[in-house]
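File shown here: structure-v5.cif, holding mmCIF, C-alpha atoms and all ligand atoms.
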```
data_protein
#
loop_
_atom_site.group_PDB
_atom_site.id
_atom_site.type_symbol
_atom_site.label_atom_id
_atom_site.label_comp_id
_atom_site.auth_asym_id
_atom_site.auth_seq_id
_atom_site.Cartn_x
_atom_site.Cartn_y
_atom_site.Cartn_z
ATOM 1 C CA ALA A 12 -5.615 -108.910 -10.177
ATOM 2 C CA LYS A 13 -2.695 -106.597 -10.720
ATOM 3 C CA ASP A 14 -0.176 -109.378 -10.361
ATOM 4 C CA LYS A 15 -1.963 -111.538 -12.865
ATOM 5 C CA GLY A 16 -1.943 -108.733 -15.431
ATOM 6 C CA ARG A 17 1.712 -108.159 -14.863
ATOM 7 C CA ASN A 18 2.711 -111.779 -15.208
ATOM 8 C CA SER A 19 0.628 -112.951 -18.121
ATOM 9 C CA PHE A 20 0.313 -109.674 -20.024
ATOM 10 C CA GLN A 21 -3.104 -110.714 -21.246
ATOM 11 C CA PHE A 22 -5.055 -107.716 -22.367
ATOM 12 C CA TYR A 23 -8.385 -109.408 -22.784
ATOM 13 C CA THR A 24 -10.274 -111.142 -20.086
ATOM 14 C CA ALA A 25 -13.835 -111.943 -19.131
ATOM 15 C CA ASP A 26 -13.465 -109.968 -15.907
ATOM 16 C CA MET A 27 -14.560 -106.421 -16.729
ATOM 17 C CA ASN A 28 -12.714 -104.665 -13.908
ATOM 18 C CA LEU A 29 -9.583 -106.488 -14.806
ATOM 19 C CA ALA A 30 -10.119 -105.664 -18.468
ATOM 20 C CA VAL A 31 -10.450 -101.937 -17.711
ATOM 21 C CA GLU A 32 -7.440 -102.012 -15.443
ATOM 22 C CA GLN A 33 -5.356 -103.828 -18.021
ATOM 23 C CA ARG A 34 -6.465 -101.439 -20.710
ATOM 24 C CA LEU A 35 -5.278 -98.504 -18.599
ATOM 25 C CA THR A 36 -2.004 -100.263 -17.928
ATOM 26 C CA ILE A 37 -1.370 -100.958 -21.572
ATOM 27 C CA GLU A 38 -2.250 -97.373 -22.511
ATOM 28 C CA ARG A 39 0.203 -96.021 -20.010
ATOM 29 C CA GLU A 40 2.822 -98.479 -21.217
ATOM 30 C CA LEU A 41 2.190 -97.648 -24.871
ATOM 31 C CA ARG A 42 2.668 -93.974 -24.143
ATOM 32 C CA GLN A 43 5.977 -94.763 -22.443
ATOM 33 C CA ALA A 44 6.975 -97.074 -25.284
ATOM 34 C CA LEU A 45 6.562 -94.193 -27.734
ATOM 35 C CA ARG A 46 8.551 -91.881 -25.517
ATOM 36 C CA PHE A 47 11.356 -94.372 -24.913
ATOM 37 C CA GLY A 48 11.586 -95.748 -28.440
ATOM 38 C CA GLN A 49 10.481 -99.309 -27.696
ATOM 39 C CA PHE A 50 8.870 -99.863 -31.081
ATOM 40 C CA GLU A 51 10.665 -101.523 -33.927
ATOM 41 C CA LEU A 52 9.737 -102.241 -37.526
ATOM 42 C CA TYR A 53 10.127 -105.690 -39.024
ATOM 43 C CA TYR A 54 10.034 -106.167 -42.776
ATOM 44 C CA GLN A 55 8.481 -109.036 -44.673
ATOM 45 C CA PRO A 56 9.485 -109.392 -48.329
ATOM 46 C CA LEU A 57 6.975 -109.213 -51.135
ATOM 47 C CA ILE A 58 7.906 -111.739 -53.801
ATOM 48 C CA ASP A 59 7.402 -111.741 -57.543
ATOM 49 C CA LEU A 60 6.116 -115.299 -57.999
ATOM 50 C CA GLY A 61 7.499 -115.500 -61.518
ATOM 51 C CA THR A 62 11.090 -114.517 -60.789
ATOM 52 C CA GLU A 63 10.961 -115.327 -57.056
ATOM 53 C CA LYS A 64 12.781 -112.026 -56.425
ATOM 54 C CA ILE A 65 12.019 -109.511 -53.691
ATOM 55 C CA VAL A 66 10.145 -106.519 -55.114
ATOM 56 C CA GLY A 67 9.211 -104.778 -51.907
ATOM 57 C CA ALA A 68 8.383 -105.271 -48.262
ATOM 58 C CA GLU A 69 5.625 -104.747 -45.756
ATOM 59 C CA ALA A 70 6.558 -102.901 -42.577
ATOM 60 C CA LEU A 71 5.158 -104.641 -39.488
ATOM 61 C CA VAL A 72 5.465 -103.032 -36.079
ATOM 62 C CA ARG A 73 6.748 -104.845 -32.979
ATOM 63 C CA TRP A 74 6.897 -103.679 -29.407
ATOM 64 C CA ASN A 75 10.187 -104.468 -27.749
ATOM 65 C CA HIS A 76 8.772 -104.509 -24.235
ATOM 66 C CA PRO A 77 11.301 -104.225 -21.380
ATOM 67 C CA VAL A 78 9.622 -107.055 -19.433
ATOM 68 C CA HIS A 79 7.619 -109.070 -21.937
ATOM 69 C CA GLY A 80 10.057 -109.107 -24.822
ATOM 70 C CA MET A 81 8.904 -108.797 -28.424
ATOM 71 C CA VAL A 82 5.134 -108.213 -28.387
ATOM 72 C CA SER A 83 3.118 -108.882 -31.527
ATOM 73 C CA PRO A 84 0.913 -106.119 -32.967
ATOM 74 C CA ALA A 85 -2.217 -108.248 -32.526
ATOM 75 C CA ASP A 86 -1.678 -107.734 -28.779
ATOM 76 C CA PHE A 87 -1.433 -103.942 -28.770
ATOM 77 C CA ILE A 88 -2.851 -102.452 -31.997
ATOM 78 C CA PRO A 89 -6.458 -102.806 -30.734
ATOM 79 C CA ALA A 90 -5.601 -100.903 -27.524
ATOM 80 C CA ALA A 91 -3.626 -98.339 -29.515
ATOM 81 C CA GLU A 92 -6.631 -97.803 -31.779
ATOM 82 C CA GLU A 93 -9.106 -97.513 -28.942
ATOM 83 C CA SER A 94 -6.962 -95.018 -27.029
ATOM 84 C CA GLY A 95 -6.067 -92.965 -30.099
ATOM 85 C CA LEU A 96 -2.366 -93.706 -29.547
ATOM 86 C CA ILE A 97 -2.390 -95.356 -32.974
ATOM 87 C CA VAL A 98 -2.143 -91.819 -34.391
ATOM 88 C CA PRO A 99 1.309 -90.961 -32.969
ATOM 89 C CA LEU A 100 2.397 -94.602 -33.321
ATOM 90 C CA GLY A 101 1.222 -94.651 -36.941
ATOM 91 C CA LYS A 102 3.179 -91.460 -37.641
ATOM 92 C CA TRP A 103 6.290 -93.075 -36.228
ATOM 93 C CA VAL A 104 5.715 -96.205 -38.342
ATOM 94 C CA LEU A 105 5.204 -94.180 -41.513
ATOM 95 C CA LYS A 106 8.255 -92.002 -40.949
ATOM 96 C CA THR A 107 10.513 -94.914 -40.023
ATOM 97 C CA ALA A 108 9.350 -97.090 -42.918
ATOM 98 C CA CYS A 109 9.818 -94.279 -45.465
ATOM 99 C CA TYR A 110 13.226 -93.428 -44.068
ATOM 100 C CA GLN A 111 14.419 -97.042 -44.181
ATOM 101 C CA ALA A 112 12.948 -97.597 -47.652
ATOM 102 C CA LYS A 113 14.816 -94.540 -48.943
ATOM 103 C CA GLY A 114 18.051 -95.900 -47.453
ATOM 104 C CA ILE A 115 17.443 -99.265 -49.111
ATOM 105 C CA GLN A 116 16.778 -97.629 -52.481
ATOM 106 C CA LYS A 117 20.035 -95.686 -52.287
ATOM 107 C CA ALA A 118 21.997 -98.811 -51.430
ATOM 108 C CA LEU A 119 20.307 -101.016 -54.014
ATOM 109 C CA ALA A 120 20.212 -98.480 -56.830
ATOM 110 C CA ARG A 121 16.957 -99.966 -58.039
ATOM 111 C CA ASP A 122 13.289 -99.633 -57.333
ATOM 112 C CA PHE A 123 11.960 -100.902 -54.057
ATOM 113 C CA LYS A 124 8.467 -100.441 -52.731
ATOM 114 C CA ILE A 125 7.437 -100.208 -49.110
ATOM 115 C CA SER A 126 3.970 -101.086 -47.798
ATOM 116 C CA VAL A 127 2.646 -99.546 -44.603
ATOM 117 C CA ASN A 128 -0.534 -100.490 -42.728
ATOM 118 C CA LEU A 129 -2.972 -97.694 -41.929
ATOM 119 C CA SER A 130 -5.697 -97.823 -39.339
ATOM 120 C CA ALA A 131 -9.081 -96.147 -39.728
ATOM 121 C CA ARG A 132 -8.220 -93.650 -36.988
ATOM 122 C CA GLN A 133 -5.134 -92.487 -38.887
ATOM 123 C CA LEU A 134 -6.910 -92.194 -42.191
ATOM 124 C CA ASN A 135 -9.638 -90.080 -40.608
ATOM 125 C CA GLU A 136 -7.236 -87.649 -38.911
ATOM 126 C CA PRO A 137 -7.841 -84.218 -40.447
ATOM 127 C CA ASP A 138 -4.114 -83.614 -40.905
ATOM 128 C CA PHE A 139 -3.273 -87.058 -42.286
ATOM 129 C CA ILE A 140 -2.443 -85.825 -45.798
ATOM 130 C CA THR A 141 -0.216 -83.097 -44.358
ATOM 131 C CA THR A 142 1.553 -85.655 -42.170
ATOM 132 C CA LEU A 143 2.077 -87.902 -45.166
ATOM 133 C CA GLU A 144 3.430 -85.085 -47.353
ATOM 134 C CA ARG A 145 5.804 -83.977 -44.620
ATOM 135 C CA CYS A 146 7.008 -87.537 -44.155
ATOM 136 C CA LEU A 147 7.768 -87.956 -47.870
ATOM 137 C CA ARG A 148 9.475 -84.575 -48.040
ATOM 138 C CA GLU A 149 11.618 -85.177 -44.963
ATOM 139 C CA THR A 150 12.705 -88.671 -45.953
ATOM 140 C CA GLY A 151 13.040 -87.956 -49.673
ATOM 141 C CA LEU A 152 11.012 -91.054 -50.575
ATOM 142 C CA ALA A 153 8.997 -90.760 -53.783
ATOM 143 C CA ALA A 154 5.255 -91.135 -53.253
ATOM 144 C CA ALA A 155 5.261 -93.821 -55.951
ATOM 145 C CA SER A 156 7.470 -95.977 -53.719
ATOM 146 C CA LEU A 157 4.901 -96.012 -50.934
ATOM 147 C CA GLU A 158 1.911 -98.324 -50.769
ATOM 148 C CA LEU A 159 -0.661 -97.831 -48.040
ATOM 149 C CA GLU A 160 -2.669 -100.831 -46.869
ATOM 150 C CA VAL A 161 -6.172 -100.442 -45.508
ATOM 151 C CA THR A 162 -8.464 -103.271 -44.504
ATOM 152 C CA GLU A 163 -11.899 -103.827 -45.969
ATOM 153 C CA SER A 164 -13.443 -103.114 -42.579
ATOM 154 C CA THR A 165 -11.667 -99.729 -42.407
ATOM 155 C CA LEU A 166 -13.142 -98.884 -45.772
ATOM 156 C CA MET A 167 -16.625 -99.892 -44.695
ATOM 157 C CA VAL A 168 -16.683 -97.850 -41.474
ATOM 158 C CA ASP A 169 -17.197 -94.482 -43.066
ATOM 159 C CA ALA A 170 -17.174 -95.004 -46.818
ATOM 160 C CA GLU A 171 -18.449 -91.525 -47.654
ATOM 161 C CA ASN A 172 -15.480 -89.882 -45.963
ATOM 162 C CA VAL A 173 -12.957 -92.558 -46.766
ATOM 163 C CA ILE A 174 -13.310 -92.529 -50.566
ATOM 164 C CA PRO A 175 -12.400 -88.831 -51.031
ATOM 165 C CA ARG A 176 -9.527 -89.375 -48.613
ATOM 166 C CA LEU A 177 -8.208 -92.288 -50.648
ATOM 167 C CA GLU A 178 -8.544 -90.234 -53.815
ATOM 168 C CA GLN A 179 -6.352 -87.537 -52.236
ATOM 169 C CA LEU A 180 -3.744 -90.161 -51.421
ATOM 170 C CA ARG A 181 -3.807 -91.404 -54.981
ATOM 171 C CA GLN A 182 -3.421 -87.856 -56.305
ATOM 172 C CA LYS A 183 -0.275 -87.535 -54.203
ATOM 173 C CA GLY A 184 1.048 -90.550 -56.108
ATOM 174 C CA CYS A 185 0.864 -93.237 -53.393
ATOM 175 C CA SER A 186 -0.494 -96.702 -54.152
ATOM 176 C CA LEU A 187 -3.353 -98.198 -52.219
ATOM 177 C CA ALA A 188 -3.971 -101.796 -51.288
ATOM 178 C CA ILE A 189 -6.992 -103.451 -49.726
ATOM 179 C CA ASP A 190 -5.657 -105.642 -46.960
ATOM 180 C CA ASP A 191 -7.201 -108.918 -45.741
ATOM 181 C CA PHE A 192 -9.284 -108.995 -48.901
ATOM 182 C CA GLY A 193 -12.208 -111.397 -48.750
ATOM 183 C CA THR A 194 -12.766 -111.184 -44.995
ATOM 184 C CA GLY A 195 -14.943 -108.070 -45.040
ATOM 185 C CA TYR A 196 -18.215 -107.483 -46.757
ATOM 186 C CA SER A 197 -17.314 -105.122 -49.542
ATOM 187 C CA SER A 198 -19.381 -105.771 -52.623
ATOM 188 C CA LEU A 199 -17.887 -105.775 -56.080
ATOM 189 C CA SER A 200 -19.788 -102.614 -56.968
ATOM 190 C CA TYR A 201 -18.239 -100.913 -53.968
ATOM 191 C CA LEU A 202 -14.807 -102.176 -54.920
ATOM 192 C CA LYS A 203 -15.227 -100.664 -58.359
ATOM 193 C CA ARG A 204 -15.663 -97.191 -56.817
ATOM 194 C CA LEU A 205 -12.442 -97.391 -54.838
ATOM 195 C CA PRO A 206 -9.258 -95.816 -56.201
ATOM 196 C CA ILE A 207 -7.110 -98.842 -55.369
ATOM 197 C CA ASN A 208 -4.087 -100.495 -56.991
ATOM 198 C CA SER A 209 -3.795 -103.831 -55.212
ATOM 199 C CA LEU A 210 -5.706 -106.522 -53.421
ATOM 200 C CA LYS A 211 -4.064 -108.528 -50.687
ATOM 201 C CA VAL A 212 -5.872 -111.841 -50.455
ATOM 202 C CA ASP A 213 -6.305 -112.898 -46.846
ATOM 203 C CA ARG A 214 -4.314 -115.805 -45.498
ATOM 204 C CA SER A 215 -7.481 -117.699 -44.504
ATOM 205 C CA PHE A 216 -8.079 -118.577 -48.179
ATOM 206 C CA VAL A 217 -4.554 -119.856 -48.612
ATOM 207 C CA LYS A 218 -3.955 -121.998 -45.553
ATOM 208 C CA ASP A 219 -5.820 -125.068 -46.886
ATOM 209 C CA LEU A 220 -4.495 -124.808 -50.435
ATOM 210 C CA PRO A 221 -4.071 -126.702 -52.621
ATOM 211 C CA GLU A 222 -6.186 -129.485 -51.021
ATOM 212 C CA ASP A 223 -9.364 -127.567 -50.257
ATOM 213 C CA GLU A 224 -11.601 -127.460 -53.306
ATOM 214 C CA GLU A 225 -13.604 -124.377 -52.268
ATOM 215 C CA ASP A 226 -10.491 -122.436 -51.387
ATOM 216 C CA ARG A 227 -9.005 -123.355 -54.759
ATOM 217 C CA ALA A 228 -12.114 -122.024 -56.467
ATOM 218 C CA ILE A 229 -12.219 -118.842 -54.363
ATOM 219 C CA THR A 230 -8.556 -117.906 -54.729
ATOM 220 C CA SER A 231 -8.428 -118.561 -58.456
ATOM 221 C CA LEU A 232 -11.607 -116.520 -58.890
ATOM 222 C CA ILE A 233 -10.250 -113.577 -56.873
ATOM 223 C CA VAL A 234 -6.974 -113.698 -58.818
ATOM 224 C CA ALA A 235 -8.776 -113.833 -62.179
ATOM 225 C CA MET A 236 -11.075 -110.986 -61.186
ATOM 226 C CA ALA A 237 -8.216 -108.847 -59.895
ATOM 227 C CA ASN A 238 -6.189 -109.477 -63.040
ATOM 228 C CA SER A 239 -9.009 -108.516 -65.347
ATOM 229 C CA LEU A 240 -9.751 -105.373 -63.317
ATOM 230 C CA HIS A 241 -5.997 -104.590 -63.552
ATOM 231 C CA TYR A 242 -5.410 -104.713 -59.846
ATOM 232 C CA LYS A 243 -2.147 -106.085 -58.630
ATOM 233 C CA VAL A 244 -2.925 -109.133 -56.535
ATOM 234 C CA VAL A 245 -0.797 -110.260 -53.631
ATOM 235 C CA VAL A 246 -1.547 -113.493 -51.826
ATOM 236 C CA GLU A 247 -0.698 -113.518 -48.135
ATOM 237 C CA GLY A 248 0.367 -116.406 -45.934
ATOM 238 C CA VAL A 249 2.134 -118.593 -48.495
ATOM 239 C CA GLU A 250 3.761 -121.293 -46.396
ATOM 240 C CA THR A 251 4.337 -124.257 -48.701
ATOM 241 C CA LYS A 252 5.852 -124.992 -52.083
ATOM 242 C CA GLU A 253 2.522 -126.523 -53.145
ATOM 243 C CA GLN A 254 0.681 -123.300 -52.340
ATOM 244 C CA HIS A 255 3.277 -121.369 -54.309
ATOM 245 C CA GLU A 256 2.859 -123.684 -57.329
ATOM 246 C CA PHE A 257 -0.912 -123.483 -57.215
ATOM 247 C CA LEU A 258 -0.937 -119.691 -56.938
ATOM 248 C CA SER A 259 1.563 -119.021 -59.710
ATOM 249 C CA GLY A 260 -0.385 -121.525 -61.814
ATOM 250 C CA CYS A 261 -3.594 -119.565 -61.472
ATOM 251 C CA GLY A 262 -2.043 -116.275 -62.571
ATOM 252 C CA CYS A 263 -1.183 -114.694 -59.244
ATOM 253 C CA HIS A 264 1.861 -112.452 -59.636
ATOM 254 C CA TYR A 265 2.880 -111.626 -56.068
ATOM 255 C CA GLY A 266 3.072 -113.416 -52.763
ATOM 256 C CA GLN A 267 4.095 -112.957 -49.184
ATOM 257 C CA GLY A 268 4.588 -115.621 -46.556
ATOM 258 C CA PHE A 269 6.815 -117.751 -44.374
ATOM 259 C CA LEU A 270 7.830 -119.868 -47.402
ATOM 260 C CA TYR A 271 9.835 -116.903 -48.692
ATOM 261 C CA SER A 272 10.651 -115.232 -45.387
ATOM 262 C CA ARG A 273 9.236 -114.350 -42.011
ATOM 263 C CA PRO A 274 9.127 -110.663 -41.101
ATOM 264 C CA LEU A 275 12.735 -109.687 -40.259
ATOM 265 C CA PRO A 276 14.453 -106.909 -38.311
ATOM 266 C CA ALA A 277 15.735 -104.204 -40.687
ATOM 267 C CA ASP A 278 19.375 -105.322 -40.747
ATOM 268 C CA HIS A 279 18.459 -108.960 -41.457
ATOM 269 C CA PHE A 280 16.008 -107.903 -44.123
ATOM 270 C CA ILE A 281 18.625 -105.755 -45.838
ATOM 271 C CA ALA A 282 21.118 -108.648 -45.781
ATOM 272 C CA LEU A 283 18.507 -110.904 -47.390
ATOM 273 C CA LEU A 284 17.758 -108.274 -50.008
ATOM 274 C CA PHE A 285 21.403 -107.974 -51.016
ATOM 275 C CA ALA A 286 21.853 -111.743 -51.160
ATOM 276 C CA ASP A 287 18.718 -111.919 -53.322
ATOM 277 C CA ASP A 288 20.039 -109.212 -55.639
ATOM 278 C CA ASN A 289 23.294 -111.041 -56.283
ATOM 279 C CA ASP A 290 22.020 -114.434 -57.358
HETATM 280 P P1 LIG A 301 -1.463 -107.919 -41.723
HETATM 281 O O1 LIG A 301 -1.345 -106.511 -42.205
HETATM 282 O O2 LIG A 301 -2.440 -108.790 -42.409
HETATM 283 O O3 LIG A 301 0.006 -108.505 -41.766
HETATM 284 C C1 LIG A 301 0.321 -109.825 -42.116
HETATM 285 C C2 LIG A 301 0.482 -110.689 -40.881
HETATM 286 O O4 LIG A 301 0.587 -112.052 -41.288
HETATM 287 C C3 LIG A 301 1.757 -110.394 -40.113
HETATM 288 O O5 LIG A 301 1.481 -110.604 -38.726
HETATM 289 C C4 LIG A 301 2.714 -111.457 -40.618
HETATM 290 O O6 LIG A 301 3.756 -111.795 -39.726
HETATM 291 C C5 LIG A 301 1.774 -112.621 -40.803
HETATM 292 N N1 LIG A 301 2.251 -113.576 -41.781
HETATM 293 C C6 LIG A 301 2.971 -113.332 -42.893
HETATM 294 N N2 LIG A 301 3.219 -114.455 -43.594
HETATM 295 C C7 LIG A 301 2.630 -115.455 -42.914
HETATM 296 C C8 LIG A 301 2.538 -116.875 -43.140
HETATM 297 O O7 LIG A 301 3.037 -117.445 -44.119
HETATM 298 N N3 LIG A 301 1.844 -117.598 -42.221
HETATM 299 C C9 LIG A 301 1.277 -117.021 -41.118
HETATM 300 N N4 LIG A 301 0.642 -117.819 -40.271
HETATM 301 N N5 LIG A 301 1.345 -115.674 -40.881
HETATM 302 C C10 LIG A 301 2.008 -114.909 -41.773
HETATM 303 P P2 LIG A 301 1.924 -109.539 -37.617
HETATM 304 O O8 LIG A 301 3.234 -108.923 -37.970
HETATM 305 O O9 LIG A 301 1.768 -110.207 -36.301
HETATM 306 O O10 LIG A 301 0.841 -108.400 -37.749
HETATM 307 C C11 LIG A 301 -0.512 -108.640 -37.435
HETATM 308 C C12 LIG A 301 -1.384 -107.485 -37.842
HETATM 309 O O11 LIG A 301 -1.116 -106.320 -37.054
HETATM 310 C C13 LIG A 301 -1.170 -107.036 -39.289
HETATM 311 O O12 LIG A 301 -1.840 -107.927 -40.154
HETATM 312 C C14 LIG A 301 -1.777 -105.641 -39.240
HETATM 313 O O13 LIG A 301 -3.180 -105.699 -39.330
HETATM 314 C C15 LIG A 301 -1.406 -105.182 -37.845
HETATM 315 N N6 LIG A 301 -0.227 -104.288 -37.939
HETATM 316 C C16 LIG A 301 1.082 -104.618 -37.987
HETATM 317 N N7 LIG A 301 1.851 -103.513 -38.073
HETATM 318 C C17 LIG A 301 0.998 -102.462 -38.106
HETATM 319 C C18 LIG A 301 1.161 -101.029 -38.191
HETATM 320 O O14 LIG A 301 2.270 -100.489 -38.297
HETATM 321 N N8 LIG A 301 0.019 -100.269 -38.178
HETATM 322 C C19 LIG A 301 -1.231 -100.823 -38.078
HETATM 323 N N9 LIG A 301 -2.306 -100.009 -38.077
HETATM 324 N N10 LIG A 301 -1.431 -102.152 -38.003
HETATM 325 C C20 LIG A 301 -0.322 -102.962 -38.020
HETATM 326 CA CA CA A 302 -1.074 -105.559 -44.086
HETATM 327 CA CA CA A 303 -3.325 -108.913 -44.367
HETATM 328 CA CA CA A 304 -13.364 -125.125 -47.037
#
```

Using structure tokens, write down the structure that the file contains.
Amino acid sequence: AKDKGRNSFQFYTADMNLAVEQRLTIERELRQALRFGQFELYYQPLIDLGTEKIVGAEALVRWNHPVHGMVSPADFIPAAEESGLIVPLGKWVLKTACYQAKGIQKALARDFKISVNLSARQLNEPDFITTLERCLRETGLAAASLELEVTESTLMVDAENVIPRLEQLRQKGCSLAIDDFGTGYSSLSYLKRLPINSLKVDRSFVKDLPEDEEDRAITSLIVAMANSLHYKVVVEGVETKEQHEFLSGCGCHYGQGFLYSRPLPADHFIALLFADDND
């Protein structure tokens, strides 16, 4: 069993003993990864669909594993959340993203916004606001340059505690986005109570555009609703020119996806940003 776990690096399996064993292995490895600096942030540009310029980026964590190479977050974020290691990892992500965003702003001499994903565990940490304030102070990044992304499911877990927490974040001057919008079960009346700035429309609605009639109806409705509620709307997973055309045609202002760029290591992202600035 041990050998199999080592070779395939599969964290999920039907075999319970194996699953527990693998979970312990990954927890131990995650702890080491934090200690030895094996995490890296990739950046995916956020595009203004009108000008097709880069207006910001989303920080996406990768694990540069000594044996398995670059591991995608889908393969370790669940274990990090379950073990609580998402808290120190999330702090590292926040600090690194703010630090790099500040560096980019200095070099660009214009506004640049960074988006960071937050997990429910992080948001519910009693000292989260203090951590955030310290991070902004130490990196010199303005709160207005930071957008925090939380998923609908995070918001639904403990709404009574989450809403005041989000309000505190807003008072600090950070922006808030609902991530994977449309995949959870938040009602419109609930949405109205949330102190949010942006909606990020989940990729599942975009992948069959522009052919799929229902997806056309759903995305244009979400975009129209978001626009009239004065939320910024970002569509995720834009992969084709046709999707881009459809989305800009229905009033969507921002997009993210492989059509514009895959998530890139910091140095590549910065090179892209400078090239983008000069044309
Ligand atoms: P997400 O926040 O929804 O991030 C967008 C994901 O979609 C990224 O996957 C990105 O690479 C992918 N993507 C972007 N454009 C396209 C496209 O055009 N087509 C397709 N097929 N995919 C696209 P990634 O980097 O593997 O991240 C997966 C998830 O892991 C993220 O989903 C987020 O929920 C989580 N995650 C990543 N970094 C962090 C982090 O620092 N903290 C926390 N809590 N979660 C993170
Ligand atoms: Ca996100
Ligand atoms: Ca998303
Ligand atoms: Ca359909």

Residues within 12 Å of Ala277 of chain A, all atoms listed in the file, excluding chain neighbours under 5 positions, as a VMD selection string: chain A and resid 51 to 56 68 to 73 107 to 108 110 to 112 114 to 115 282 to 284

Ligand CA 303 (chain A) neighbours within 10 Å using all atoms listed in the file, as JSON, numbers by chain: {"A": [69, 128, 160, 161, 162, 188, 189, 190, 191, 192, 194, 210, 211, 212, 213, 214, 215, 245, 246, 247, 248, 267]}

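Restricting the atom set to all atoms listed in the file, one finds that the residues within 9 Å of ligand CA 304 (chain A) amount to A:Phe216, A:Asp219, A:Asp223, A:Glu224, A:Glu225, A:Asp226.
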
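When all atoms listed in the file are used to measure the gap to Glu136 of chain A, the shortest distance among A:Gly151, A:Gly61, A:Gly67, A:Gly95 belongs to A:Gly95.
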
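Take the candidates A:Leu159, A:Leu147, A:Ile140, A:Leu96 and check each one against ligand CA 302 (chain A) using all atoms listed in the file; the shortest distance goes to A:Leu159.
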
Counting only C-alpha atoms, select every polymer residue within 9 Å of (6.2, -88.9, -39.6) as defined in the file's coordinates, and provide the selection as a compact mmCIF listing (two decimals) with C-alpha atoms, in the coordinates of the input.
```txt
# COMPACT_ATOMS: atom_id res chain seq x y z
CA PRO A 99 1.31 -90.96 -32.97
CA GLY A 101 1.22 -94.65 -36.94
CA LYS A 102 3.18 -91.46 -37.64
CA TRP A 103 6.29 -93.08 -36.23
CA VAL A 104 5.72 -96.20 -38.34
CA LEU A 105 5.20 -94.18 -41.51
CA LYS A 106 8.26 -92.00 -40.95
CA THR A 107 10.51 -94.91 -40.02
CA CYS A 109 9.82 -94.28 -45.46
CA THR A 142 1.55 -85.66 -42.17
CA LEU A 143 2.08 -87.90 -45.17
CA ARG A 145 5.80 -83.98 -44.62
CA CYS A 146 7.01 -87.54 -44.16
CA LEU A 147 7.77 -87.96 -47.87
CA GLU A 149 11.62 -85.18 -44.96
```

Coordinates-based distance that separates atom CA of Asn135 of chain A from atom CA of Val173 of chain A (Å, one decimal): 7.4 Å

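Taking only C-alpha atoms and all ligand atoms into account, ligand LIG 301 (chain A) lies nearest to A:Ala85 out of the set A:Ala85, A:Leu240, A:Ala228, A:Ile174.
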
Selection under test: the PyMOL selection byres (((chain A and resi 118-124) around 10) and not hetatm); residues as a list in words: Leu57, Ile65, Val66, Gly67, Ala68, Glu69, Cys109, Ala112, Lys113, Gly114, Ile115, Gln116, Lys117, Ile125, Ser126, Leu152, Ala153, Ala154, Ala155, Ser156, Leu157, Glu158, Ser186, Ile281, Leu284, Phe285 and Asp288 of chain A

Box time for ligand LIG 301 (chain A): axis-aligned, enclosing all its listed atoms, 5 Å extra on each side; report centre and edge lengths in Å to one decimal, as lines of an AutoDock Vina configuration file.
```
center_x = 0.3
center_y = -108.9
center_z = -40.2
size_x = 16.9
size_y = 27.8
size_z = 17.8
```

The PyMOL selection byres (((chain A and resi 270) around 8) and not hetatm) applied to the shown file, residues as an MDAnalysis selection string: chainID A and resid 249:252 268:269 271:273

Since we have the selection now, will you write its residues out, keeping C-alpha atoms, as a PDB file, keeping the file's coordinate frame?
```pdb
ATOM      1  CA  VAL A 249       2.134-118.593 -48.495  1.00  0.00           C
ATOM      2  CA  GLU A 250       3.761-121.293 -46.396  1.00  0.00           C
ATOM      3  CA  THR A 251       4.337-124.257 -48.701  1.00  0.00           C
ATOM      4  CA  LYS A 252       5.852-124.992 -52.083  1.00  0.00           C
ATOM      5  CA  GLY A 268       4.588-115.621 -46.556  1.00  0.00           C
ATOM      6  CA  PHE A 269       6.815-117.751 -44.374  1.00  0.00           C
ATOM      7  CA  TYR A 271       9.835-116.903 -48.692  1.00  0.00           C
ATOM      8  CA  SER A 272      10.651-115.232 -45.387  1.00  0.00           C
ATOM      9  CA  ARG A 273       9.236-114.350 -42.011  1.00  0.00           C
TER      10      ARG A 273
END
```

Which of A:Ala44, A:Val168, A:Leu100, A:Ala90 sits closest to Val78 of chain A [using all atoms listed in the file]: A:Ala44

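In this comparison, which uses all atoms listed in the file, the residue of A:Glu144, A:Asp86, A:Glu93, A:Glu178 approaching ligand LIG 301 (chain A) most closely is A:Asp86.
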
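Take atom CA of Ser239 of chain A and atom CA of Pro206 of chain A: the distance between them is 15.7 Å.
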
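Shortest atom-to-atom contact with ligand CA 302 (chain A) among A:Ser209, A:Thr230, A:Gln33, A:Asn75: A:Ser209, counting only C-alpha atoms and all ligand atoms.
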
Contacts of Asp169 of chain A at 12 Å (all atoms listed in the file; same-chain gap of 6+ positions) as a PyMOL selection string: chain A and resi 131-132+134-135+163+175-177
